file input_9.pdb (PDB, C-alpha atoms and all ligand atoms)
ATOM      1  CA  MET A 124     -12.171 -11.781  -2.804  1.00  0.00           C
ATOM      2  CA  GLU A 125     -11.238  -8.092  -2.859  1.00  0.00           C
ATOM      3  CA  GLN A 126      -7.493  -7.475  -2.738  1.00  0.00           C
ATOM      4  CA  THR A 127      -5.234  -4.457  -2.736  1.00  0.00           C
ATOM      5  CA  LEU A 128      -1.534  -3.707  -3.060  1.00  0.00           C
ATOM      6  CA  VAL A 129       0.045  -1.871  -0.131  1.00  0.00           C
ATOM      7  CA  ILE A 130       3.627  -0.654  -0.147  1.00  0.00           C
ATOM      8  CA  VAL A 131       5.448   0.712   2.881  1.00  0.00           C
ATOM      9  CA  LYS A 132       7.645   3.172   1.003  1.00  0.00           C
ATOM     10  CA  PRO A 133      11.391   3.679   1.629  1.00  0.00           C
ATOM     11  CA  ASP A 134      10.795   6.342   4.311  1.00  0.00           C
ATOM     12  CA  GLY A 135       8.521   3.952   6.226  1.00  0.00           C
ATOM     13  CA  VAL A 136      11.130   1.177   6.109  1.00  0.00           C
ATOM     14  CA  GLN A 137      13.996   3.517   7.047  1.00  0.00           C
ATOM     15  CA  ARG A 138      11.976   4.992   9.923  1.00  0.00           C
ATOM     16  CA  GLY A 139      11.168   1.562  11.330  1.00  0.00           C
ATOM     17  CA  LEU A 140       7.420   1.875  10.745  1.00  0.00           C
ATOM     18  CA  VAL A 141       6.809  -1.396   8.849  1.00  0.00           C
ATOM     19  CA  GLY A 142       5.616  -3.243  11.952  1.00  0.00           C
ATOM     20  CA  ALA A 143       3.423  -0.383  13.137  1.00  0.00           C
ATOM     21  CA  ILE A 144       1.764  -0.038   9.727  1.00  0.00           C
ATOM     22  CA  ILE A 145       1.141  -3.780   9.413  1.00  0.00           C
ATOM     23  CA  SER A 146      -0.179  -3.805  12.944  1.00  0.00           C
ATOM     24  CA  ARG A 147      -2.698  -1.038  12.212  1.00  0.00           C
ATOM     25  CA  LEU A 148      -4.063  -2.888   9.211  1.00  0.00           C
ATOM     26  CA  GLU A 149      -4.175  -6.198  11.108  1.00  0.00           C
ATOM     27  CA  ARG A 150      -5.997  -4.606  14.010  1.00  0.00           C
ATOM     28  CA  ARG A 151      -8.464  -3.079  11.589  1.00  0.00           C
ATOM     29  CA  GLY A 152      -9.477  -6.684  10.869  1.00  0.00           C
ATOM     30  CA  LEU A 153      -8.016  -7.023   7.386  1.00  0.00           C
ATOM     31  CA  ARG A 154      -6.134 -10.139   6.297  1.00  0.00           C
ATOM     32  CA  LEU A 155      -2.500 -10.081   5.137  1.00  0.00           C
ATOM     33  CA  SER A 156      -2.102 -12.409   2.171  1.00  0.00           C
ATOM     34  CA  ALA A 157       1.366 -11.655   0.767  1.00  0.00           C
ATOM     35  CA  LEU A 158       4.441  -9.867   2.065  1.00  0.00           C
ATOM     36  CA  LYS A 159       7.991  -9.198   0.849  1.00  0.00           C
ATOM     37  CA  LEU A 160      10.835  -6.747   1.391  1.00  0.00           C
ATOM     38  CA  LEU A 161      12.540  -5.701  -1.827  1.00  0.00           C
ATOM     39  CA  GLN A 162      14.544  -3.019  -3.539  1.00  0.00           C
ATOM     40  CA  VAL A 163      12.418  -1.534  -6.330  1.00  0.00           C
ATOM     41  CA  ASP A 164      14.409  -0.977  -9.519  1.00  0.00           C
ATOM     42  CA  GLN A 165      13.726   1.803 -12.037  1.00  0.00           C
ATOM     43  CA  ALA A 166      11.788  -0.483 -14.392  1.00  0.00           C
ATOM     44  CA  ARG A 167       9.408  -1.665 -11.676  1.00  0.00           C
ATOM     45  CA  ALA A 168       9.026   1.891 -10.331  1.00  0.00           C
ATOM     46  CA  ARG A 169       8.070   3.199 -13.795  1.00  0.00           C
ATOM     47  CA  LYS A 170       5.581   0.362 -14.240  1.00  0.00           C
ATOM     48  CA  LEU A 171       3.918   1.067 -10.881  1.00  0.00           C
ATOM     49  CA  TYR A 172       3.696   4.803 -11.486  1.00  0.00           C
ATOM     50  CA  LYS A 173       3.009   4.820 -15.230  1.00  0.00           C
ATOM     51  CA  ILE A 174      -0.238   6.784 -14.775  1.00  0.00           C
ATOM     52  CA  HIS A 175       1.856   9.648 -13.385  1.00  0.00           C
ATOM     53  CA  LEU A 176       4.204   9.805 -16.395  1.00  0.00           C
ATOM     54  CA  GLY A 177       4.538  13.423 -17.503  1.00  0.00           C
ATOM     55  CA  LYS A 178       3.541  14.952 -14.151  1.00  0.00           C
ATOM     56  CA  ARG A 179       6.029  17.378 -12.645  1.00  0.00           C
ATOM     57  CA  PHE A 180       6.756  15.085  -9.667  1.00  0.00           C
ATOM     58  CA  TYR A 181       7.120  11.886 -11.770  1.00  0.00           C
ATOM     59  CA  GLU A 182      10.935  11.660 -11.822  1.00  0.00           C
ATOM     60  CA  THR A 183      11.318  12.463  -8.122  1.00  0.00           C
ATOM     61  CA  LEU A 184       8.598   9.910  -7.349  1.00  0.00           C
ATOM     62  CA  VAL A 185      10.466   7.203  -9.289  1.00  0.00           C
ATOM     63  CA  SER A 186      13.732   8.087  -7.473  1.00  0.00           C
ATOM     64  CA  TYR A 187      11.982   8.113  -4.083  1.00  0.00           C
ATOM     65  CA  ILE A 188      10.354   4.678  -4.438  1.00  0.00           C
ATOM     66  CA  SER A 189      13.610   3.140  -5.700  1.00  0.00           C
ATOM     67  CA  SER A 190      15.894   4.883  -3.172  1.00  0.00           C
ATOM     68  CA  SER A 191      15.862   2.167  -0.482  1.00  0.00           C
ATOM     69  CA  PRO A 192      13.936  -1.076   0.202  1.00  0.00           C
ATOM     70  CA  VAL A 193      10.156  -1.177   0.444  1.00  0.00           C
ATOM     71  CA  ALA A 194       7.780  -3.654   2.080  1.00  0.00           C
ATOM     72  CA  ALA A 195       5.177  -4.785  -0.444  1.00  0.00           C
ATOM     73  CA  MET A 196       2.004  -6.562   0.619  1.00  0.00           C
ATOM     74  CA  VAL A 197      -1.349  -7.789  -0.521  1.00  0.00           C
ATOM     75  CA  TRP A 198      -4.284  -7.350   1.850  1.00  0.00           C
ATOM     76  CA  GLN A 199      -7.683  -8.968   1.506  1.00  0.00           C
ATOM     77  CA  GLY A 200     -11.102  -8.168   2.870  1.00  0.00           C
ATOM     78  CA  GLN A 201     -14.516  -6.926   1.896  1.00  0.00           C
ATOM     79  CA  GLY A 202     -14.088  -3.285   0.856  1.00  0.00           C
ATOM     80  CA  VAL A 203     -10.344  -3.494   1.561  1.00  0.00           C
ATOM     81  CA  ILE A 204      -9.376  -0.946  -1.130  1.00  0.00           C
ATOM     82  CA  ASP A 205     -11.420   1.919   0.316  1.00  0.00           C
ATOM     83  CA  ILE A 206     -10.833   0.886   3.931  1.00  0.00           C
ATOM     84  CA  ILE A 207      -7.063   1.028   3.422  1.00  0.00           C
ATOM     85  CA  ARG A 208      -7.216   4.310   1.463  1.00  0.00           C
ATOM     86  CA  ARG A 209      -9.131   5.874   4.364  1.00  0.00           C
ATOM     87  CA  THR A 210      -6.713   4.381   6.905  1.00  0.00           C
ATOM     88  CA  MET A 211      -3.769   5.848   4.920  1.00  0.00           C
ATOM     89  CA  GLY A 212      -5.228   9.364   4.843  1.00  0.00           C
ATOM     90  CA  ALA A 213      -4.846  12.114   2.234  1.00  0.00           C
ATOM     91  CA  THR A 214      -1.912  12.002  -0.200  1.00  0.00           C
ATOM     92  CA  ASP A 215      -0.320  15.015   1.516  1.00  0.00           C
ATOM     93  CA  PRO A 216       0.409  14.086   5.149  1.00  0.00           C
ATOM     94  CA  ALA A 217       0.155  17.772   6.062  1.00  0.00           C
ATOM     95  CA  GLU A 218      -3.537  17.535   5.141  1.00  0.00           C
ATOM     96  CA  ALA A 219      -4.221  13.976   6.300  1.00  0.00           C
ATOM     97  CA  GLY A 220      -6.467  13.637   9.319  1.00  0.00           C
ATOM     98  CA  PRO A 221      -5.204  12.559  12.722  1.00  0.00           C
ATOM     99  CA  GLY A 222      -5.712   8.849  13.245  1.00  0.00           C
ATOM    100  CA  THR A 223      -4.564   8.083   9.693  1.00  0.00           C
ATOM    101  CA  ILE A 224      -1.148   6.610   8.897  1.00  0.00           C
ATOM    102  CA  ARG A 225      -0.002   9.660   6.925  1.00  0.00           C
ATOM    103  CA  GLY A 226      -1.673  12.103   9.346  1.00  0.00           C
ATOM    104  CA  ASP A 227      -0.048  10.564  12.407  1.00  0.00           C
ATOM    105  CA  TRP A 228       3.415   9.847  11.042  1.00  0.00           C
ATOM    106  CA  GLY A 229       4.074  12.170   8.112  1.00  0.00           C
ATOM    107  CA  ILE A 230       4.521  15.869   7.335  1.00  0.00           C
ATOM    108  CA  ASN A 231       5.468  16.037   3.635  1.00  0.00           C
ATOM    109  CA  ILE A 232       3.874  14.854   0.361  1.00  0.00           C
ATOM    110  CA  GLY A 233       7.227  13.660  -0.962  1.00  0.00           C
ATOM    111  CA  ARG A 234       7.605  11.350   2.081  1.00  0.00           C
ATOM    112  CA  ASN A 235       4.114   9.979   2.590  1.00  0.00           C
ATOM    113  CA  LEU A 236       5.039   6.511   3.846  1.00  0.00           C
ATOM    114  CA  ILE A 237       2.536   4.270   2.118  1.00  0.00           C
ATOM    115  CA  HIS A 238       1.022   3.337  -1.218  1.00  0.00           C
ATOM    116  CA  GLY A 239      -2.397   1.729  -1.544  1.00  0.00           C
ATOM    117  CA  SER A 240      -4.205   0.834  -4.773  1.00  0.00           C
ATOM    118  CA  ASP A 241      -6.985   3.347  -5.463  1.00  0.00           C
ATOM    119  CA  SER A 242      -9.512   1.122  -7.305  1.00  0.00           C
ATOM    120  CA  LEU A 243     -10.237  -2.464  -8.308  1.00  0.00           C
ATOM    121  CA  GLU A 244      -8.610  -1.888 -11.710  1.00  0.00           C
ATOM    122  CA  SER A 245      -5.494  -0.394 -10.098  1.00  0.00           C
ATOM    123  CA  ALA A 246      -5.232  -3.311  -7.658  1.00  0.00           C
ATOM    124  CA  GLU A 247      -5.530  -5.831 -10.508  1.00  0.00           C
ATOM    125  CA  ARG A 248      -2.829  -4.024 -12.460  1.00  0.00           C
ATOM    126  CA  GLU A 249      -0.471  -3.354  -9.528  1.00  0.00           C
ATOM    127  CA  ILE A 250      -0.471  -6.646  -7.590  1.00  0.00           C
ATOM    128  CA  PRO A 251       1.218  -8.646 -10.430  1.00  0.00           C
ATOM    129  CA  ILE A 252       3.996  -6.019 -10.605  1.00  0.00           C
ATOM    130  CA  PHE A 253       5.101  -7.301  -7.181  1.00  0.00           C
ATOM    131  CA  PHE A 254       3.676 -10.818  -6.728  1.00  0.00           C
ATOM    132  CA  ASP A 255       3.214 -13.999  -8.759  1.00  0.00           C
ATOM    133  CA  SER A 256      -0.229 -15.481  -8.216  1.00  0.00           C
ATOM    134  CA  GLY A 257       1.302 -18.363  -6.207  1.00  0.00           C
ATOM    135  CA  GLU A 258       2.750 -15.886  -3.708  1.00  0.00           C
ATOM    136  CA  VAL A 259      -0.670 -14.579  -2.702  1.00  0.00           C
ATOM    137  CA  VAL A 260      -2.039 -16.910  -0.043  1.00  0.00           C
ATOM    138  CA  HIS A 261      -5.744 -17.446   0.565  1.00  0.00           C
ATOM    139  CA  TYR A 262      -6.540 -18.792   4.029  1.00  0.00           C
ATOM    140  CA  PRO A 263      -9.258 -18.446   6.630  1.00  0.00           C
ATOM    141  CA  ARG A 264      -8.456 -17.103  10.091  1.00  0.00           C
ATOM    142  CA  ALA A 265     -10.340 -18.043  13.232  1.00  0.00           C
ATOM    143  CA  LEU A 266     -10.893 -14.341  13.931  1.00  0.00           C
ATOM    144  CA  ASP A 267     -12.450 -13.493  10.550  1.00  0.00           C
ATOM    145  CA  PRO A 268     -16.058 -14.082  11.738  1.00  0.00           C
ATOM    146  CA  TRP A 269     -15.327 -11.771  14.700  1.00  0.00           C
ATOM    147  CA  CYS A 270     -14.230  -8.962  12.357  1.00  0.00           C
ATOM    148  CA  SER A 271     -17.054  -9.223   9.823  1.00  0.00           C
ATOM    149  CA  GLU A 272     -20.405 -10.969   9.717  1.00  0.00           C
ATOM    150  CA  ASN A 273     -19.801 -11.472   5.979  1.00  0.00           C
ATOM    151  CA  GLU A 274     -17.172 -13.610   4.285  1.00  0.00           C
ATOM    152  CA  LEU A 275     -13.904 -11.687   4.135  1.00  0.00           C
TER
HETATM  153  P1  LIG B   1      -1.793   8.457  -3.595  1.00  0.00           P
HETATM  154  O1  LIG B   1      -0.487   7.799  -3.203  1.00  0.00           O
HETATM  155  O2  LIG B   1      -2.490   9.056  -2.408  1.00  0.00           O
HETATM  156  O3  LIG B   1      -2.683   7.544  -4.415  1.00  0.00           O
HETATM  157  P2  LIG B   1      -1.246   9.845  -6.108  1.00  0.00           P
HETATM  158  O4  LIG B   1      -1.923  11.100  -6.550  1.00  0.00           O
HETATM  159  O5  LIG B   1      -1.587   8.573  -6.808  1.00  0.00           O
HETATM  160  O6  LIG B   1      -1.435   9.710  -4.531  1.00  0.00           O
HETATM  161  O7  LIG B   1       0.330  10.105  -6.256  1.00  0.00           O
HETATM  162  C1  LIG B   1       1.246   9.039  -6.154  1.00  0.00           C
HETATM  163  C2  LIG B   1       2.390   9.446  -5.288  1.00  0.00           C
HETATM  164  O8  LIG B   1       3.099  10.507  -5.927  1.00  0.00           O
HETATM  165  C3  LIG B   1       2.013  10.029  -3.925  1.00  0.00           C
HETATM  166  O9  LIG B   1       1.761   9.026  -2.953  1.00  0.00           O
HETATM  167  C4  LIG B   1       3.251  10.836  -3.586  1.00  0.00           C
HETATM  168  O10 LIG B   1       4.314   9.965  -3.145  1.00  0.00           O
HETATM  169  C5  LIG B   1       3.639  11.386  -4.949  1.00  0.00           C
HETATM  170  N1  LIG B   1       3.083  12.714  -5.179  1.00  0.00           N
HETATM  171  C6  LIG B   1       1.833  13.040  -5.563  1.00  0.00           C
HETATM  172  N2  LIG B   1       1.681  14.367  -5.679  1.00  0.00           N
HETATM  173  C7  LIG B   1       2.893  14.892  -5.381  1.00  0.00           C
HETATM  174  C8  LIG B   1       3.393  16.225  -5.329  1.00  0.00           C
HETATM  175  O11 LIG B   1       2.694  17.209  -5.583  1.00  0.00           O
HETATM  176  N3  LIG B   1       4.722  16.354  -4.972  1.00  0.00           N
HETATM  177  C9  LIG B   1       5.530  15.295  -4.679  1.00  0.00           C
HETATM  178  N4  LIG B   1       5.091  14.024  -4.721  1.00  0.00           N
HETATM  179  C10 LIG B   1       3.791  13.834  -5.063  1.00  0.00           C
HETATM  180 MG    MG B   2      -2.361   6.695  -6.297  1.00  0.00          MG
END
call {"tool": "encode", "arguments": {"input": "input_9.pdb", "output": "structure tokens"}}
result
Amino acid sequence: MEQTLVIVKPDGVQRGLVGAIISRLERRGLRLSALKLLQVDQARARKLYKIHLGKRFYETLVSYISSSPVAAMVWQGQGVIDIIRRTMGATDPAEAGPGTIRGDWGINIGRNLIHGSDSLESAEREIPIFFDSGEVVHYPRALDPWCSENEL
């Protein structure tokens, strides 16, 4: 079962976009399998963004993600990692296409609303930073066969 970590970042929570973002992913046909609202502390922020250590935006990125609560989630579905990355749009909302989350609701790279794991390895590393395995729920939905002819 392919899974990915999605985070509605502090700007998305503060702007009241959690519901709209979840709704987009639900309507896409993907399955929500874990969800929590939490304040990210410095240690967790540094763990999540450790691949960016040393980049010029690293410290501001850590402050941004820990500045206010986030909504963390796990989504499941065949191809979910790439489907969500395409639904999010380019990292810089100014360059993200219309119809994407960042392209419709953002204007600035430092306030780009959403995180989504970028590969299977990233998802496997990132999900346990936010969820114990018992918090990720596996369940069939009656609508799954109407969203995909394959097993989700
Ligand atoms: P992604 O979120 O689209 O995967 P990454 O390159 O992994 O983009 O960067 C992680 C996060 O770091 C971005 O979502 C954004 O919040 C921030 N970021 C990346 N590049 C810049 C930049 O040039 N200025 C400010 N923040 C940046
Ligand atoms: Mg990334």
call {"tool": "residues_near_ligand", "arguments": {"input": "input_9.pdb", "ligand": "ligand LIG 1 (chain B)", "cutoff": "8 Å", "atoms": "all atoms listed in the file", "output": "list in words"}}
result
Tyr172, His175, Arg179, Phe180, Tyr181, Thr183, Leu184, Tyr187, Arg208, Gly212, Ala213, Thr214, Asp215, Ile232, Gly233, Arg234, Asn235, Leu236, Ile237, His238, Gly239, Ser240 and Asp241 of chain A
call {"tool": "closest_residue", "arguments": {"input": "input_9.pdb", "among": "A:Met211, A:Leu275, A:Ile230, A:Ala194", "to": "ligand MG 2 (chain B)", "atoms": "all atoms listed in the file"}}
result
A:Met211
call {"tool": "atom_distance", "arguments": {"input": "input_9.pdb", "atom1": "atom CA of A:Val141", "atom2": "atom CA of A:Glu274"}}
result
27.3 Å
call {"tool": "residues_around", "arguments": {"input": "input_9.pdb", "residues": "A:Trp198", "least_positions_apart": "6", "cutoff": "9 Å", "atoms": "only C-alpha atoms", "output": "list in words"}}
result
Glu125, Gln126, Thr127, Leu128, Val129, Leu148, Leu153, Arg154, Leu155, Ser156, Ala157, Ile204 and Ile207 of chain A
call {"tool": "closest_residue", "arguments": {"input": "input_9.pdb", "among": "A:Leu266, A:Val197, A:Val260, A:Ile130", "to": "A:Ala168", "atoms": "only C-alpha atoms"}}
result
A:Ile130
call {"tool": "resolve_selection", "arguments": {"input": "input_9.pdb", "expression": "the PyMOL selection byres (((chain A and resi 162) around 7) and not hetatm)", "output": "ChimeraX atom specification"}}
result
/A:161,163-164,189,191-193
call {"tool": "atom_distance", "arguments": {"input": "input_9.pdb", "atom1": "atom CA of A:Lys159", "atom2": "atom CA of A:Gly220"}}
result
28.3 Å
call {"tool": "atom_distance", "arguments": {"input": "input_9.pdb", "atom1": "atom CA of A:Ser186", "atom2": "atom CA of A:Leu171"}}
result
12.5 Å
call {"tool": "closest_residue", "arguments": {"input": "input_9.pdb", "among": "A:Ala246, A:Ile252, A:Ala195, A:Val203", "to": "ligand MG 2 (chain B)", "atoms": "all atoms listed in the file"}}
result
A:Ala246
call {"tool": "closest_residue", "arguments": {"input": "input_9.pdb", "among": "A:Glu218, A:Glu258, A:Glu249, A:Asp227", "to": "ligand MG 2 (chain B)", "atoms": "all atoms listed in the file"}}
result
A:Glu249
call {"tool": "closest_residue", "arguments": {"input": "input_9.pdb", "among": "A:Gly226, A:Trp269, A:Val259, A:Ile174", "to": "ligand MG 2 (chain B)", "atoms": "all atoms listed in the file"}}
result
A:Ile174
call {"tool": "closest_residue", "arguments": {"input": "input_9.pdb", "among": "A:Glu244, A:Arg138, A:Pro251, A:Asn273", "to": "ligand MG 2 (chain B)", "atoms": "only C-alpha atoms and all ligand atoms"}}
result
A:Glu244
call {"tool": "axis_aligned_box", "arguments": {"input": "input_9.pdb", "around": "stretch 211-226 of chain A", "padding_each_side": "6 Å", "output": "AutoDock Vina command-line options"}}
result
--center_x -3.0 --center_y 11.8 --center_z 6.5 --size_x 18.9 --size_y 23.9 --size_z 25.4
call {"tool": "residues_around", "arguments": {"input": "input_9.pdb", "residues": "A:Leu140", "least_positions_apart": "4", "cutoff": "10 Å", "atoms": "only C-alpha atoms", "output": "list in words"}}
result
Val131, Lys132, Asp134, Gly135, Val136, Ile144, Ile145, Ser146, Ile224, Trp228 and Leu236 of chain A
call {"tool": "decode", "arguments": {"input": "input_9.pdb", "residues": "stretch 184-212 of chain A", "atoms": "N, CA and C atoms", "output": "short mmCIF file (atom, residue, chain, number, x, y, z; two decimals), in the first residue's frame"}}
result
data_model
loop_
_atom_site.label_atom_id
_atom_site.label_comp_id
_atom_site.auth_asym_id
_atom_site.auth_seq_id
_atom_site.Cartn_x
_atom_site.Cartn_y
_atom_site.Cartn_z
N LEU A 184 13.22 28.01 7.16
CA LEU A 184 12.28 26.90 6.94
C LEU A 184 11.91 26.23 8.27
N VAL A 185 12.92 26.00 9.11
CA VAL A 185 12.68 25.40 10.43
C VAL A 185 11.80 26.34 11.27
N SER A 186 12.07 27.65 11.24
CA SER A 186 11.23 28.59 12.01
C SER A 186 9.80 28.61 11.49
N TYR A 187 9.66 28.60 10.17
CA TYR A 187 8.33 28.64 9.53
C TYR A 187 7.49 27.44 9.95
N ILE A 188 8.04 26.24 9.84
CA ILE A 188 7.23 25.03 10.10
C ILE A 188 6.90 24.90 11.59
N SER A 189 7.71 25.55 12.44
CA SER A 189 7.46 25.44 13.89
C SER A 189 6.79 26.69 14.45
N SER A 190 6.33 27.60 13.57
CA SER A 190 5.82 28.90 14.02
C SER A 190 4.38 28.86 14.52
N SER A 191 3.64 27.81 14.23
CA SER A 191 2.21 27.74 14.54
C SER A 191 1.78 26.30 14.20
N PRO A 192 0.62 25.83 14.69
CA PRO A 192 0.29 24.42 14.44
C PRO A 192 0.21 24.04 12.96
N VAL A 193 0.42 22.75 12.74
CA VAL A 193 0.28 22.17 11.40
C VAL A 193 -0.75 21.04 11.47
N ALA A 194 -1.27 20.65 10.33
CA ALA A 194 -2.11 19.45 10.25
C ALA A 194 -1.33 18.41 9.48
N ALA A 195 -0.98 17.32 10.17
CA ALA A 195 -0.18 16.26 9.54
C ALA A 195 -1.11 15.11 9.18
N MET A 196 -0.85 14.49 8.05
CA MET A 196 -1.71 13.40 7.58
C MET A 196 -0.91 12.35 6.85
N VAL A 197 -1.50 11.16 6.80
CA VAL A 197 -1.00 10.13 5.89
C VAL A 197 -2.13 9.85 4.90
N TRP A 198 -1.77 9.80 3.63
CA TRP A 198 -2.73 9.46 2.57
C TRP A 198 -2.26 8.18 1.89
N GLN A 199 -3.22 7.39 1.45
CA GLN A 199 -2.91 6.13 0.79
C GLN A 199 -3.53 6.11 -0.60
N GLY A 200 -2.95 5.32 -1.46
CA GLY A 200 -3.54 5.11 -2.78
C GLY A 200 -2.45 4.73 -3.76
N GLN A 201 -2.86 4.06 -4.84
CA GLN A 201 -1.88 3.68 -5.84
C GLN A 201 -1.30 4.94 -6.48
N GLY A 202 0.00 5.09 -6.44
CA GLY A 202 0.63 6.28 -7.03
C GLY A 202 0.43 7.55 -6.24
N VAL A 203 0.05 7.41 -4.96
CA VAL A 203 -0.35 8.58 -4.16
C VAL A 203 0.77 9.64 -4.05
N ILE A 204 2.03 9.21 -4.02
CA ILE A 204 3.12 10.17 -3.84
C ILE A 204 3.16 11.16 -5.00
N ASP A 205 3.18 10.64 -6.22
CA ASP A 205 3.24 11.52 -7.39
C ASP A 205 1.93 12.27 -7.60
N ILE A 206 0.82 11.61 -7.34
CA ILE A 206 -0.48 12.27 -7.53
C ILE A 206 -0.57 13.49 -6.61
N ILE A 207 -0.16 13.33 -5.36
CA ILE A 207 -0.22 14.46 -4.43
C ILE A 207 0.79 15.53 -4.81
N ARG A 208 2.00 15.15 -5.22
CA ARG A 208 2.99 16.16 -5.62
C ARG A 208 2.45 17.00 -6.78
N ARG A 209 1.78 16.33 -7.73
CA ARG A 209 1.23 17.10 -8.86
C ARG A 209 0.04 17.95 -8.44
N THR A 210 -0.72 17.47 -7.46
CA THR A 210 -1.87 18.25 -6.97
C THR A 210 -1.40 19.47 -6.16
N MET A 211 -0.23 19.33 -5.49
CA MET A 211 0.35 20.46 -4.74
C MET A 211 0.85 21.56 -5.66
N GLY A 212 1.48 21.17 -6.77
CA GLY A 212 2.08 22.15 -7.68
C GLY A 212 3.54 22.42 -7.32
#
